[in-house]
Amino acid sequence: AHPRVCAPPASARAIASAANDATFSFGKAQAQFYDDVLVDGIFKPWTESMFATSRPVTGDAVLDVACGTGVVARECAALVGESGKVTAIDNSPGMLARAKANPASRGIEYLEFDACAPTLPRRAFDRAYCQQGLQFMADPTAAMKAVLSSLKRGGHFTCAVWAPANSSENQIIYHLGEALRDVGREDWVDVAVKPMSWSNTDSRGVSKLEDCLIEAGFINPDVACEDGTFAFDDLTQAVDIAKVGPYGEELASDDALWREFSENFRARLKMYVQEDGRVVVPARSFIGHGVAPWN
């Protein structure tokens with residue numbers, strides 16, 4: 001991913017703006033699809049974007065907030081070594097079970113925890129991360145305050161939230177929403193675009209994230225837009241991103257509906273197919289960073 005200055009809002013219709021009140025749950029099935037479809041081509045490379053801002057070093061104590069299936073936690077564990085410590089929290093038992101079952105999670109402490117609850121250990125961590133979790137929280141500022149209280153003086157917090165989904169950025173989720181509309185499932189669209197619901201414009205997304213960092217009490221707040229990609233092995237894997245949503249099991253279990261939807265979605269994604277058959281779709285995220293006060 002590469003940093004960029006956020007451009008003015010695109011004229012294309014953003015479909016994320018109505019998703020703020022949608023409920024997005026992560027059960028056992030979603031955890032499996034999350035791992036199978038999203039980890040290697042999305043969350044691992046975008047973790048490096050956060051590390052470009054603040055990278056764990058040997059001996060660090062690290063907190064991973066809204067850890068999902070443990071992608072960021074495992075990357076941190078590899079960097080902090082045996083002299084460091086990684087604690088990862090999430091409120092989804094399904095996600096945590098999947099994370100704990102990964103052999104590379106050895107030594108990571110996984111806890112079922114509400115990120116907004118102010119009960120994290122005080123001044124225990126050198127760095128904290130939250131990759132694509134804040135947009136799902138009822139009060140992201142409260143979560144940031146809880147994280148701040150858990151950081152040592154001068155500790156670093158780095159977070160990432162997706163930019164809006166429209167026809168010019170984060171296109172795969174835009175096309176997912178449009179494909180659902182095309183097959184008559186308008187009722188699923190707000191939930192489908194929930195991951196891109198932080199804001200409905202780039203400029204608003206940056207200012208909102210910066211305001212949250214300031215209100216939470218971080219010093220030296222900084223937010224940047226970064227461009228990168230969502231990458232998939234082939235069209236089949238790309239279309240399977242639809243199964244990660246809470247509606248995914250119902251969608252996939254209806255043979256006629258899945259056939260109609262997948263044909264529509266595949267047609268929309270053909271423009272992103274590379275010569276080797278991989279599907280690479282442009283993506284954009286906001287990367288935020290703040291420092292815990294020294295006093």
# chains A, B, ... in the order shown; residues from 1 in each chain; ligands from 1

call {"tool": "residues_around", "arguments": {"residues": "A:Ile219", "least_positions_apart": "4", "cutoff": "9 Å", "atoms": "only C-alpha atoms", "output": "PyMOL selection string"}}
result
chain A and resi 213-214+290-293

call {"tool": "write_last_selection", "arguments": {"atoms": "all heavy atoms", "output": "mmCIF file, in the first residue's frame"}}
result
data_model
loop_
_atom_site.group_PDB
_atom_site.id
_atom_site.type_symbol
_atom_site.label_atom_id
_atom_site.label_comp_id
_atom_site.auth_asym_id
_atom_site.auth_seq_id
_atom_site.Cartn_x
_atom_site.Cartn_y
_atom_site.Cartn_z
ATOM 1 N N LEU A 213 -9.045 10.324 17.762
ATOM 2 C CA LEU A 213 -7.745 10.214 18.424
ATOM 3 C C LEU A 213 -7.525 11.365 19.401
ATOM 4 O O LEU A 213 -7.051 11.164 20.525
ATOM 5 C CB LEU A 213 -6.623 10.198 17.382
ATOM 6 C CG LEU A 213 -6.487 8.916 16.556
ATOM 7 C CD1 LEU A 213 -5.614 9.167 15.320
ATOM 8 C CD2 LEU A 213 -5.898 7.784 17.397
ATOM 9 N N ILE A 214 -7.887 12.569 18.975
ATOM 10 C CA ILE A 214 -7.719 13.746 19.834
ATOM 11 C C ILE A 214 -8.630 13.659 21.044
ATOM 12 O O ILE A 214 -8.208 13.893 22.189
ATOM 13 C CB ILE A 214 -7.993 15.036 19.030
ATOM 14 C CG1 ILE A 214 -6.914 15.221 17.965
ATOM 15 C CG2 ILE A 214 -8.060 16.244 19.956
ATOM 16 C CD1 ILE A 214 -7.217 16.323 16.972
ATOM 17 N N GLY A 290 -1.529 7.592 16.985
ATOM 18 C CA GLY A 290 -1.425 8.537 18.085
ATOM 19 C C GLY A 290 -0.468 8.003 19.136
ATOM 20 O O GLY A 290 -0.167 6.799 19.168
ATOM 21 N N VAL A 291 0.010 8.903 19.978
ATOM 22 C CA VAL A 291 0.981 8.559 21.026
ATOM 23 C C VAL A 291 0.380 8.837 22.399
ATOM 24 O O VAL A 291 -0.302 9.870 22.586
ATOM 25 C CB VAL A 291 2.279 9.376 20.832
ATOM 26 C CG1 VAL A 291 3.284 9.076 21.950
ATOM 27 C CG2 VAL A 291 2.891 9.098 19.465
ATOM 28 N N ALA A 292 0.615 7.952 23.343
ATOM 29 C CA ALA A 292 0.167 8.177 24.711
ATOM 30 C C ALA A 292 1.003 9.284 25.341
ATOM 31 O O ALA A 292 2.223 9.303 25.195
ATOM 32 C CB ALA A 292 0.295 6.883 25.509
ATOM 33 N N PRO A 293 0.366 10.245 26.022
ATOM 34 C CA PRO A 293 1.116 11.350 26.654
ATOM 35 C C PRO A 293 2.205 10.843 27.594
ATOM 36 O O PRO A 293 2.065 9.780 28.217
ATOM 37 C CB PRO A 293 0.030 12.106 27.422
ATOM 38 C CG PRO A 293 -1.246 11.796 26.714
ATOM 39 C CD PRO A 293 -1.081 10.362 26.245
#

call {"tool": "closest_atom_pairs", "arguments": {"of": "stretch 35-106 of chain A", "to": "stretch 158-174 of chain A", "cutoff": "8 Å", "atoms": "only C-alpha atoms", "output": "Markdown table"}}
result
| residue | atom | partner | partner_atom | distance |
| --- | --- | --- | --- | --- |
| A:Met50 | CA | A:Thr158 | CA | 6.4 |
| A:Thr53 | CA | A:Thr158 | CA | 7.4 |
| A:Ser54 | CA | A:Thr158 | CA | 6.8 |

call {"tool": "write_last_selection", "arguments": {"atoms": "N, CA and C atoms", "output": "PDB file, in the first residue's frame"}}
result
ATOM      1  N   MET A  50       0.116  -0.734   8.431  1.00  0.00           N
ATOM      2  CA  MET A  50       0.130  -0.213   9.801  1.00  0.00           C
ATOM      3  C   MET A  50       1.543  -0.257  10.374  1.00  0.00           C
ATOM      4  N   THR A  53       3.853   2.558   9.802  1.00  0.00           N
ATOM      5  CA  THR A  53       3.649   3.707  10.689  1.00  0.00           C
ATOM      6  C   THR A  53       4.251   3.462  12.056  1.00  0.00           C
ATOM      7  N   SER A  54       4.050   2.261  12.587  1.00  0.00           N
ATOM      8  CA  SER A  54       4.586   1.903  13.904  1.00  0.00           C
ATOM      9  C   SER A  54       4.820   0.400  13.923  1.00  0.00           C
TER      10      SER A  54
END

call {"tool": "closest_residue", "arguments": {"among": "A:Ala52, A:Ala224, A:Ala256, A:Met196", "to": "A:Ala283", "atoms": "only C-alpha atoms"}}
result
A:Met196

call {"tool": "residues_around", "arguments": {"residues": "A:Arg181", "least_positions_apart": "6", "cutoff": "12 Å", "atoms": "only C-alpha atoms", "output": "ChimeraX atom specification"}}
result
/A:15,174-175,187-190,192,260-261,264-265

call {"tool": "write_last_selection", "arguments": {"atoms": "N, CA, C and O atoms", "output": "mmCIF file, in the first residue's frame"}}
result
data_model
loop_
_atom_site.group_PDB
_atom_site.id
_atom_site.type_symbol
_atom_site.label_atom_id
_atom_site.label_comp_id
_atom_site.auth_asym_id
_atom_site.auth_seq_id
_atom_site.Cartn_x
_atom_site.Cartn_y
_atom_site.Cartn_z
ATOM 1 N N ILE A 15 -22.004 3.835 -1.316
ATOM 2 C CA ILE A 15 -23.078 3.018 -0.779
ATOM 3 C C ILE A 15 -22.863 2.687 0.690
ATOM 4 O O ILE A 15 -23.664 1.964 1.276
ATOM 5 N N TYR A 174 -18.375 -2.176 -3.297
ATOM 6 C CA TYR A 174 -19.379 -1.470 -4.092
ATOM 7 C C TYR A 174 -20.102 -2.455 -5.009
ATOM 8 O O TYR A 174 -21.345 -2.500 -5.056
ATOM 9 N N HIS A 175 -19.339 -3.272 -5.739
ATOM 10 C CA HIS A 175 -19.947 -4.225 -6.665
ATOM 11 C C HIS A 175 -20.697 -5.331 -5.925
ATOM 12 O O HIS A 175 -21.710 -5.843 -6.432
ATOM 13 N N ASP A 187 -32.182 -5.723 1.157
ATOM 14 C CA ASP A 187 -32.157 -5.772 2.621
ATOM 15 C C ASP A 187 -30.808 -6.188 3.180
ATOM 16 O O ASP A 187 -30.542 -5.983 4.373
ATOM 17 N N TRP A 188 -29.940 -6.774 2.357
ATOM 18 C CA TRP A 188 -28.622 -7.181 2.825
ATOM 19 C C TRP A 188 -27.531 -6.151 2.529
ATOM 20 O O TRP A 188 -26.406 -6.298 3.003
ATOM 21 N N VAL A 189 -27.846 -5.127 1.767
ATOM 22 C CA VAL A 189 -26.803 -4.222 1.282
ATOM 23 C C VAL A 189 -26.133 -3.461 2.420
ATOM 24 O O VAL A 189 -24.895 -3.369 2.475
ATOM 25 N N ASP A 190 -26.909 -2.901 3.347
ATOM 26 C CA ASP A 190 -26.298 -2.122 4.426
ATOM 27 C C ASP A 190 -25.331 -2.948 5.253
ATOM 28 O O ASP A 190 -24.273 -2.469 5.668
ATOM 29 N N ALA A 192 -23.770 -5.634 4.102
ATOM 30 C CA ALA A 192 -22.650 -5.990 3.222
ATOM 31 C C ALA A 192 -21.586 -4.907 3.185
ATOM 32 O O ALA A 192 -20.388 -5.202 3.102
ATOM 33 N N GLU A 260 -27.522 -17.059 -9.280
ATOM 34 C CA GLU A 260 -27.834 -15.762 -9.885
ATOM 35 C C GLU A 260 -26.890 -14.686 -9.379
ATOM 36 O O GLU A 260 -26.352 -13.881 -10.155
ATOM 37 N N PHE A 261 -26.670 -14.680 -8.069
ATOM 38 C CA PHE A 261 -25.783 -13.670 -7.478
ATOM 39 C C PHE A 261 -24.352 -13.836 -7.968
ATOM 40 O O PHE A 261 -23.697 -12.859 -8.371
ATOM 41 N N ASN A 264 -23.713 -12.677 -11.484
ATOM 42 C CA ASN A 264 -23.722 -11.214 -11.545
ATOM 43 C C ASN A 264 -22.422 -10.632 -10.991
ATOM 44 O O ASN A 264 -21.778 -9.773 -11.618
ATOM 45 N N PHE A 265 -22.019 -11.129 -9.826
ATOM 46 C CA PHE A 265 -20.824 -10.613 -9.153
ATOM 47 C C PHE A 265 -19.567 -10.939 -9.973
ATOM 48 O O PHE A 265 -18.676 -10.099 -10.130
#

call {"tool": "atom_distance", "arguments": {"atom1": "atom CA of A:Thr236", "atom2": "atom CA of A:Val279"}}
result
9.4 Å

call {"tool": "select_by_dssp", "arguments": {"residues": "stretch 51-248 of chain A", "states": "strand (DSSP E)", "output": "PyMOL selection string"}}
result
chain A and resi 61-65+85-90+109-112+125-131+151-162+219-232

call {"tool": "select_by_dssp", "arguments": {"residues": "stretch 138-178 of chain A", "states": "alpha helix (DSSP H)", "output": "list in words"}}
result
Pro140, Thr141, Ala142, Ala143, Met144, Lys145, Ala146, Val147, Leu148, Ser149, Ser150, Gln171, Ile172, Ile173, Tyr174, His175, Leu176, Gly177 and Glu178 of chain A

call {"tool": "write_last_selection", "arguments": {"atoms": "C-alpha atoms", "output": "compact mmCIF listing (two decimals), in the first residue's frame"}}
result
# COMPACT_ATOMS: atom_id res chain seq x y z
CA PRO A 140 -14.89 4.04 18.80
CA THR A 141 -13.70 6.96 20.93
CA ALA A 142 -14.47 5.00 24.11
CA ALA A 143 -12.46 2.10 22.71
CA MET A 144 -9.54 4.44 21.99
CA LYS A 145 -9.71 5.80 25.55
CA ALA A 146 -9.54 2.26 26.91
CA VAL A 147 -6.54 1.54 24.68
CA LEU A 148 -4.84 4.77 25.77
CA SER A 149 -5.15 3.84 29.44
CA SER A 150 -3.50 0.49 28.67
CA GLN A 171 -14.80 -1.23 -5.68
CA ILE A 172 -15.23 -4.86 -4.69
CA ILE A 173 -17.59 -3.96 -1.85
CA TYR A 174 -19.38 -1.47 -4.09
CA HIS A 175 -19.95 -4.23 -6.67
CA LEU A 176 -20.96 -6.66 -3.92
CA GLY A 177 -23.69 -4.27 -2.82
CA GLU A 178 -24.84 -3.66 -6.38

call {"tool": "residues_around", "arguments": {"residues": "A:Lys152", "least_positions_apart": "2", "cutoff": "12 Å", "atoms": "only C-alpha atoms", "output": "list of chain:residue names"}}
result
A:Asp60, A:Ala61, A:Val62, A:Leu63, A:Pro121, A:Arg122, A:Arg123, A:Ala124, A:Phe125, A:Asp126, A:Arg127, A:Ala128, A:Val147, A:Leu148, A:Ser149, A:Ser150, A:Gly154, A:Gly155, A:His156, A:Phe157, A:Val291, A:Ala292, A:Pro293, A:Trp294, A:Asn295

call {"tool": "atom_distance", "arguments": {"atom1": "atom CA of A:Asn91", "atom2": "atom CA of A:Glu112"}}
result
5.1 Å

call {"tool": "closest_residue", "arguments": {"among": "A:Thr58, A:Gln131, A:Thr69, A:Ser83", "to": "A:Arg98", "atoms": "only C-alpha atoms"}}
result
A:Thr69
